There are 2 protein chains.
Amino acid sequence: MPVPTISWDKNAVRIIDQTRLPLEKKFISIKTTKDMREAIKSLKIRGAPAIGIAAAFGIYLGIKEFKGDDKKQFRRRLDEVCSYIEGSRPTAVNLFWAAQRIERLVSYHEKLSPSELKQLILQEAILMIDEDNRVCRAIGENGVSLIKDGYSLLTHCNAGGLATAMYGTALAPVFRAKELGLNIHVFVDETRPLFQGSRITAWELLEADIPATLITDNMAAFVMYQKKINMILVGADRIAANGDTANKIGTLGVAILAKEFSIPFYIAAPLSTIDIKTPSGDKIPIEQRDPGEIIKGFGTQTAPSRIQVYNPAFDVTPAKLIKGIITEKGIIRPPYHENIQKIMK
Amino acid sequence: MPVPTISWDKNAVRIIDQTRLPLEKKFISIKTTKDMREAIKSLKIRGAPAIGIAAAFGIYLGIKEFKGDDKKQFRRRLDEVCSYIEGSRPTAVNLFWAAQRIERLVSYHEKLSPSELKQLILQEAILMIDEDNRVCRAIGENGVSLIKDGYSLLTHCNAGGLATAMYGTALAPVFRAKELGLNIHVFVDETRPLFQGSRITAWELLEADIPATLITDNMAAFVMYQKKINMILVGADRIAANGDTANKIGTLGVAILAKEFSIPFYIAAPLSTIDIKTPSGDKIPIEQRDPGEIIKGFGTQTAPSRIQVYNPAFDVTPAKLIKGIITEKGIIRPPYHENIQKIMK
């Protein structure tokens with residue numbers, strides 16, 4: 001299995017700079033909360049589970065230099081740092097999930113001194129890496145039960161190893177299928193505007209020696225029409241209590257095409273991606289990104305500078321289009337509202 | 001109205017090099033049939049109606065230097081040149097339509113000498129420009145009847161002025177709506193891999209002062225979901241006798257989304273795009289293009305060099321997804337098989 005996306009290395013967080021892929025496999029060291037926020041915002045690290053872990057480390061980096069024993073001041077600083085990190089990207093719930101987890105940890109251990117709490121927060125962030133690895137492996141195990149020998153799958157964006165600590169969500173069942181010796185093939189949507197599919201997923205599949213074919217997003221319909229796809233597997237950035245799922249822009253289109261061609265459409269995500277406080281998809285905030293990503297992506301200008309641009313980073317797929325949600329605790333099936341409540345208990 | 005896409009200028013064909021848009025408005029002179037074939041193949045000139053005209057000029061350039069009075073030899077040379085030009089791109093039927101038109105013209109005037117026939121072919125090519133202008137204007141007039149004040153339209157690829165001699169097919173009703181003072185807005189799919197939407201359609205709409213918003217192809221579903229689209233208008237590269245329509249890759253996906261969201265989906269194309277000899281869409285040959293267009297589009301590498309790529313230039317939209325086909329002789333409605341036969345008489 002591939003490179004670790006994020007790890008703790010003495011005094012810094014080590015991440016692979018995903019904006020450089022596939023041309024360069026470059027690791028960078030992040031030493032401040034400001035740099036971590038920037039790394040999340042600029043997608044050097046991305047993918048809902050991975051940015052949850054990045055957020056935890058980012059919070060640690062923000063309180064690491066805190067001096068003194070004043071618990072109230074420490075708590076105030078912690079709140080500031082959490083809000084600061086949470087402000088990096090609004091859609092992925094794992095960011096908020098990680099911050100809440102740290103805050104709860106601190107509340108639970110209110111008797112500890114700031115310096116002890118700092119250590120605890122670092123341990124928690126490191127623990128989240130191990131947890132993520134276990135969770136992703138379980139998703140792989142649960143998801144592989146859906147994949148038959150000879151299957152051709154389609155995926156959108158990157159929910160591979162690099163979207164998590166190491167093993168991936170949507171790609172975890174694919175990696176597991178490969179381990180089990182199944183013959184599989186993956187069609188990869190390139191995923192405009194930031195090409196996470198062609199830059200990252202294609203690269204991961206090549207590294208794992210899994211047969212893959214790259215297409216542009218607008219080819220997915222024709223590939224399905226030609227009966228080349230048996231199953232669709234994508235990740236998630238936030239799942240509402242009713243099963244509506246926010247994921248990379250373009251996912252909704254893929255789900256509608258899957259319905260037209262009667263192809264099963266699955267989400268794979270850890271339970272940390274489920275946000276039971278958000279009742280339905282229309283309540284999920286959708287991040288709008290810079291028009292420059294579309295007009296002049298990766299340095300090449302492909303549109304007039306003056307053109308107006310709409311650039312939502314995510315869309316929402318209604319629960320009714322989702323055949324199942326593969327989690328570490330099993331596959332959630334409709335009715336989602338009921339079954340999500342059950343699994344979250 | 002915009003620049004002429006193609007014109008005859010003393011001894012050469014003058015075209016705007018569409019691969020340079022929107023950064024550069026560069027005209028080039030084409031003096032040989034080889035250069036014309038290359039210009040069609042490399043998309044310097046593109047769009048079904050425009051390449052029909054380009055083919056006619058390309059044929060003229062190929063027989064222009066023919067010496068002597070031997071009619072049989074002339075005819076043999078003409079056949080060679082037609083096949084050579086037809087081999088440039090397999091899907092757009094207008095290429096074959098133009099070649100057949102020239103061949104029929106020559107057969108009809110079999111008594112004329114090679115030098116007289118050469119002159120006749122040139123006149124025919126020039127005539128096709130005027131005809132195209134009339135046809136596109138009529139498409140605009142027929143199509144504008146479907147557009148209401150305040151409408152927001154979506155288009156895919158470029159079926160604008162630059163896909164024809166000057167006025168466009170899918171954009172002709174849009175340009176006409178603007179002339180009539182209607183408030184309209186156009187969402188433009190960027191159209192990967194070659195960005196004809198963002199490079200050409202966006203540019204044309206800006207030049208015509210028509211409010212437009214650029215999106216990536218995979219945003220179309222979300223934009224429709226948000227109820228931002230009243231109508232979809234696209235061009236065609238070949239329409240089969242049953243109404244199945246080949247158009248730029250991605251059109252099929254847009255048509256399926258339109259069905260999901262109950263948005264009327266229209267094709268706009270001249271009758272020359274209808275190929276009554278092709279009974280249905282599955283019989284239309286689909287051009288496969290170079291993987292480099294996807295891996296390293298416009299000089300920027302966005303995928304690993306070793307990744308396998310599928311790059312069909314077109315897809316086929318089944319007739320059942322098409323609300324109407326706007327032509328110069330009126331709007332064809334289902335049942336298409338019957339009504340196409342009627343209008344072609």
# chains A, B, ... in the order shown; residues from 1 in each chain; ligands from 1
>>> closest_atom_pairs(of="region 112-203 of chain B", to="region 20-24 of chain B", cutoff="10 Å", atoms="only C-alpha atoms", output="tab-separated table")
residue	atom	partner	partner_atom	distance
B:Gln196	CA	B:Leu21	CA	9.1
B:Ser198	CA	B:Pro22	CA	8.5
B:Arg199	CA	B:Pro22	CA	5.2
B:Ile200	CA	B:Leu21	CA	6.5
B:Thr201	CA	B:Pro22	CA	9.6
B:Ala202	CA	B:Pro22	CA	8.7
B:Trp203	CA	B:Pro22	CA	6.3
>>> write_last_selection(atoms="N, CA, C and O atoms", output="compact mmCIF listing (two decimals), in the first residue's frame")
# COMPACT_ATOMS: atom_id res chain seq x y z
N GLN B 196 -13.56 23.61 -25.93
CA GLN B 196 -14.24 24.45 -26.94
C GLN B 196 -15.28 25.37 -26.29
O GLN B 196 -15.56 26.44 -26.81
N SER B 198 -15.09 26.76 -23.05
CA SER B 198 -14.44 27.87 -22.34
C SER B 198 -13.59 28.73 -23.27
O SER B 198 -13.49 29.93 -23.11
N ARG B 199 -12.96 28.08 -24.26
CA ARG B 199 -12.10 28.85 -25.15
C ARG B 199 -12.90 29.60 -26.22
O ARG B 199 -12.57 30.72 -26.56
N ILE B 200 -13.94 28.96 -26.74
CA ILE B 200 -14.60 29.53 -27.93
C ILE B 200 -15.99 30.08 -27.62
O ILE B 200 -16.27 31.24 -27.88
N THR B 201 -16.86 29.24 -27.01
CA THR B 201 -18.22 29.73 -26.73
C THR B 201 -18.19 30.91 -25.76
O THR B 201 -18.85 31.93 -25.98
N ALA B 202 -17.41 30.78 -24.69
CA ALA B 202 -17.32 31.87 -23.71
C ALA B 202 -16.83 33.15 -24.39
O ALA B 202 -17.35 34.24 -24.15
N TRP B 203 -15.86 33.00 -25.25
CA TRP B 203 -15.29 34.13 -25.98
C TRP B 203 -16.34 34.77 -26.89
O TRP B 203 -16.52 35.99 -26.91
>>> closest_atom_pairs(of="chain B", to="chain A", cutoff="9 Å", atoms="only C-alpha atoms", output="CSV")
residue,atom,partner,partner_atom,distance
B:Leu21,CA,A:Ala303,CA,8.3
B:Pro22,CA,A:Pro304,CA,5.7
B:Leu23,CA,A:Pro304,CA,7.2
B:Glu190,CA,A:Ala303,CA,8.3
B:Thr191,CA,A:Asn218,CA,7.7
B:Arg192,CA,A:Thr216,CA,6.4
B:Pro193,CA,A:Thr216,CA,6.7
B:Leu194,CA,A:Thr302,CA,8.9
B:Phe195,CA,A:Thr302,CA,6.6
B:Gln196,CA,A:Thr302,CA,9.0
B:Gly197,CA,A:Ala303,CA,8.4
B:Ser198,CA,A:Ala303,CA,4.7
B:Arg199,CA,A:Ala303,CA,4.7
B:Ile200,CA,A:Ala303,CA,7.9
B:Ala202,CA,A:Ile307,CA,6.8
B:Trp203,CA,A:Pro304,CA,6.1
B:Leu206,CA,A:Ile307,CA,7.1
B:Pro211,CA,A:Gln308,CA,8.4
B:Ala212,CA,A:Gln308,CA,6.6
B:Thr213,CA,A:Gln308,CA,4.9
B:Leu214,CA,A:Val309,CA,4.7
B:Ile215,CA,A:Tyr310,CA,5.7
B:Thr216,CA,A:Arg192,CA,6.4
B:Asp217,CA,A:Asn218,CA,6.1
B:Asn218,CA,A:Gly250,CA,4.2
B:Met219,CA,A:Gly250,CA,5.7
B:Ala220,CA,A:Gly253,CA,7.6
B:Ala221,CA,A:Gly253,CA,5.0
B:Phe222,CA,A:Asp315,CA,6.1
B:Tyr225,CA,A:Leu252,CA,9.0
B:Ile249,CA,A:Met219,CA,6.2
B:Gly250,CA,A:Asn218,CA,4.3
B:Thr251,CA,A:Asn218,CA,7.9
B:Leu252,CA,A:Ala221,CA,6.3
B:Gly253,CA,A:Ala221,CA,5.0
B:Val254,CA,A:Asn218,CA,8.6
B:Ile256,CA,A:Leu257,CA,6.9
B:Leu257,CA,A:Ile256,CA,6.9
B:Glu260,CA,A:Ile256,CA,7.4
B:Ile294,CA,A:Thr216,CA,7.2
B:Ile295,CA,A:Ser198,CA,7.9
B:Gly297,CA,A:Thr300,CA,8.8
B:Phe298,CA,A:Thr300,CA,6.7
B:Gly299,CA,A:Thr300,CA,7.3
B:Thr300,CA,A:Thr300,CA,6.6
B:Gln301,CA,A:Leu23,CA,7.8
B:Thr302,CA,A:Arg199,CA,5.5
B:Ala303,CA,A:Arg199,CA,4.7
B:Pro304,CA,A:Pro22,CA,5.7
B:Ser305,CA,A:Pro22,CA,9.0
B:Arg306,CA,A:Leu206,CA,8.0
B:Ile307,CA,A:Ala202,CA,6.8
B:Gln308,CA,A:Thr213,CA,4.9
B:Val309,CA,A:Leu214,CA,4.7
B:Tyr310,CA,A:Ile215,CA,5.7
B:Asn311,CA,A:Ile215,CA,6.7
B:Pro312,CA,A:Met219,CA,7.8
B:Phe314,CA,A:Phe222,CA,8.8
B:Asp315,CA,A:Phe222,CA,6.1
B:Val316,CA,A:Phe222,CA,7.7
>>> residues_around(residues="Ile63 (chain A)", least_positions_apart="2", cutoff="12 Å", atoms="only C-alpha atoms", output="NGL selection string")
:A and (31-34 or 56-61 or 65-68 or 73-82 or 84 or 102 or 114-122)
>>> select_by_dssp(residues="region 99-242 of chain B", states="alpha helix (DSSP H)", output="ChimeraX atom specification")
/B:99-108,114-144,172-179,196,202-207,220-225
>>> select_by_dssp(residues="region 96-332 of chain A", states="strand (DSSP E)", output="count of residues only")
43
>>> residues_around(residues="region 163-179 of chain A", least_positions_apart="6", cutoff="8 Å", atoms="only C-alpha atoms", output="PyMOL selection string")
chain A and resi 1-6+45-51+53+129+132-133+136-137+139-144+147+155+208+210+233-235+267-270
>>> residues_around(residues="Thr273 (chain A)", least_positions_apart="6", cutoff="9 Å", atoms="only C-alpha atoms", output="PyMOL selection string")
chain A and resi 48-49+92-94+97+236-240
>>> write_last_selection(atoms="N, CA, C and O atoms", output="PDB file, in the first residue's frame")
ATOM      1  N   ALA A  48     -11.665  14.202   2.916  1.00  0.00           N
ATOM      2  CA  ALA A  48     -12.299  14.451   4.216  1.00  0.00           C
ATOM      3  C   ALA A  48     -11.558  13.783   5.385  1.00  0.00           C
ATOM      4  O   ALA A  48     -11.221  14.465   6.368  1.00  0.00           O
ATOM      5  N   PRO A  49     -11.268  12.471   5.334  1.00  0.00           N
ATOM      6  CA  PRO A  49     -10.596  11.866   6.498  1.00  0.00           C
ATOM      7  C   PRO A  49      -9.206  12.472   6.746  1.00  0.00           C
ATOM      8  O   PRO A  49      -8.843  12.735   7.897  1.00  0.00           O
ATOM      9  N   ALA A  92     -16.291  19.880   4.320  1.00  0.00           N
ATOM     10  CA  ALA A  92     -15.891  18.604   4.931  1.00  0.00           C
ATOM     11  C   ALA A  92     -16.168  18.636   6.424  1.00  0.00           C
ATOM     12  O   ALA A  92     -15.606  19.454   7.157  1.00  0.00           O
ATOM     13  N   VAL A  93     -17.009  17.715   6.878  1.00  0.00           N
ATOM     14  CA  VAL A  93     -17.399  17.755   8.279  1.00  0.00           C
ATOM     15  C   VAL A  93     -16.282  17.218   9.170  1.00  0.00           C
ATOM     16  O   VAL A  93     -16.228  17.517  10.365  1.00  0.00           O
ATOM     17  N   ASN A  94     -15.355  16.463   8.631  1.00  0.00           N
ATOM     18  CA  ASN A  94     -14.297  15.852   9.426  1.00  0.00           C
ATOM     19  C   ASN A  94     -13.421  16.882  10.127  1.00  0.00           C
ATOM     20  O   ASN A  94     -12.844  16.622  11.177  1.00  0.00           O
ATOM     21  N   TRP A  97     -15.437  17.723  13.089  1.00  0.00           N
ATOM     22  CA  TRP A  97     -15.422  16.510  13.905  1.00  0.00           C
ATOM     23  C   TRP A  97     -14.102  16.423  14.685  1.00  0.00           C
ATOM     24  O   TRP A  97     -14.085  16.163  15.893  1.00  0.00           O
ATOM     25  N   ALA A 236     -16.975  10.727   0.355  1.00  0.00           N
ATOM     26  CA  ALA A 236     -17.930  11.728   0.812  1.00  0.00           C
ATOM     27  C   ALA A 236     -17.210  12.774   1.639  1.00  0.00           C
ATOM     28  O   ALA A 236     -16.218  12.467   2.299  1.00  0.00           O
ATOM     29  N   ASP A 237     -17.702  13.997   1.580  1.00  0.00           N
ATOM     30  CA  ASP A 237     -17.156  15.060   2.421  1.00  0.00           C
ATOM     31  C   ASP A 237     -18.060  15.357   3.612  1.00  0.00           C
ATOM     32  O   ASP A 237     -17.600  15.833   4.644  1.00  0.00           O
ATOM     33  N   ARG A 238     -19.358  15.111   3.433  1.00  0.00           N
ATOM     34  CA  ARG A 238     -20.286  15.205   4.563  1.00  0.00           C
ATOM     35  C   ARG A 238     -21.562  14.449   4.204  1.00  0.00           C
ATOM     36  O   ARG A 238     -22.099  14.619   3.115  1.00  0.00           O
ATOM     37  N   ILE A 239     -22.024  13.624   5.131  1.00  0.00           N
ATOM     38  CA  ILE A 239     -23.263  12.881   4.924  1.00  0.00           C
ATOM     39  C   ILE A 239     -24.282  13.382   5.940  1.00  0.00           C
ATOM     40  O   ILE A 239     -24.018  13.381   7.143  1.00  0.00           O
ATOM     41  N   ALA A 240     -25.429  13.853   5.442  1.00  0.00           N
ATOM     42  CA  ALA A 240     -26.471  14.373   6.337  1.00  0.00           C
ATOM     43  C   ALA A 240     -27.214  13.213   7.004  1.00  0.00           C
ATOM     44  O   ALA A 240     -27.082  12.055   6.594  1.00  0.00           O
TER      45      ALA A 240
END
>>> closest_residue(among="B:Ala319, B:Val106, B:Val13, B:Ala246", to="Phe27 (chain B)", atoms="only C-alpha atoms")
B:Val13
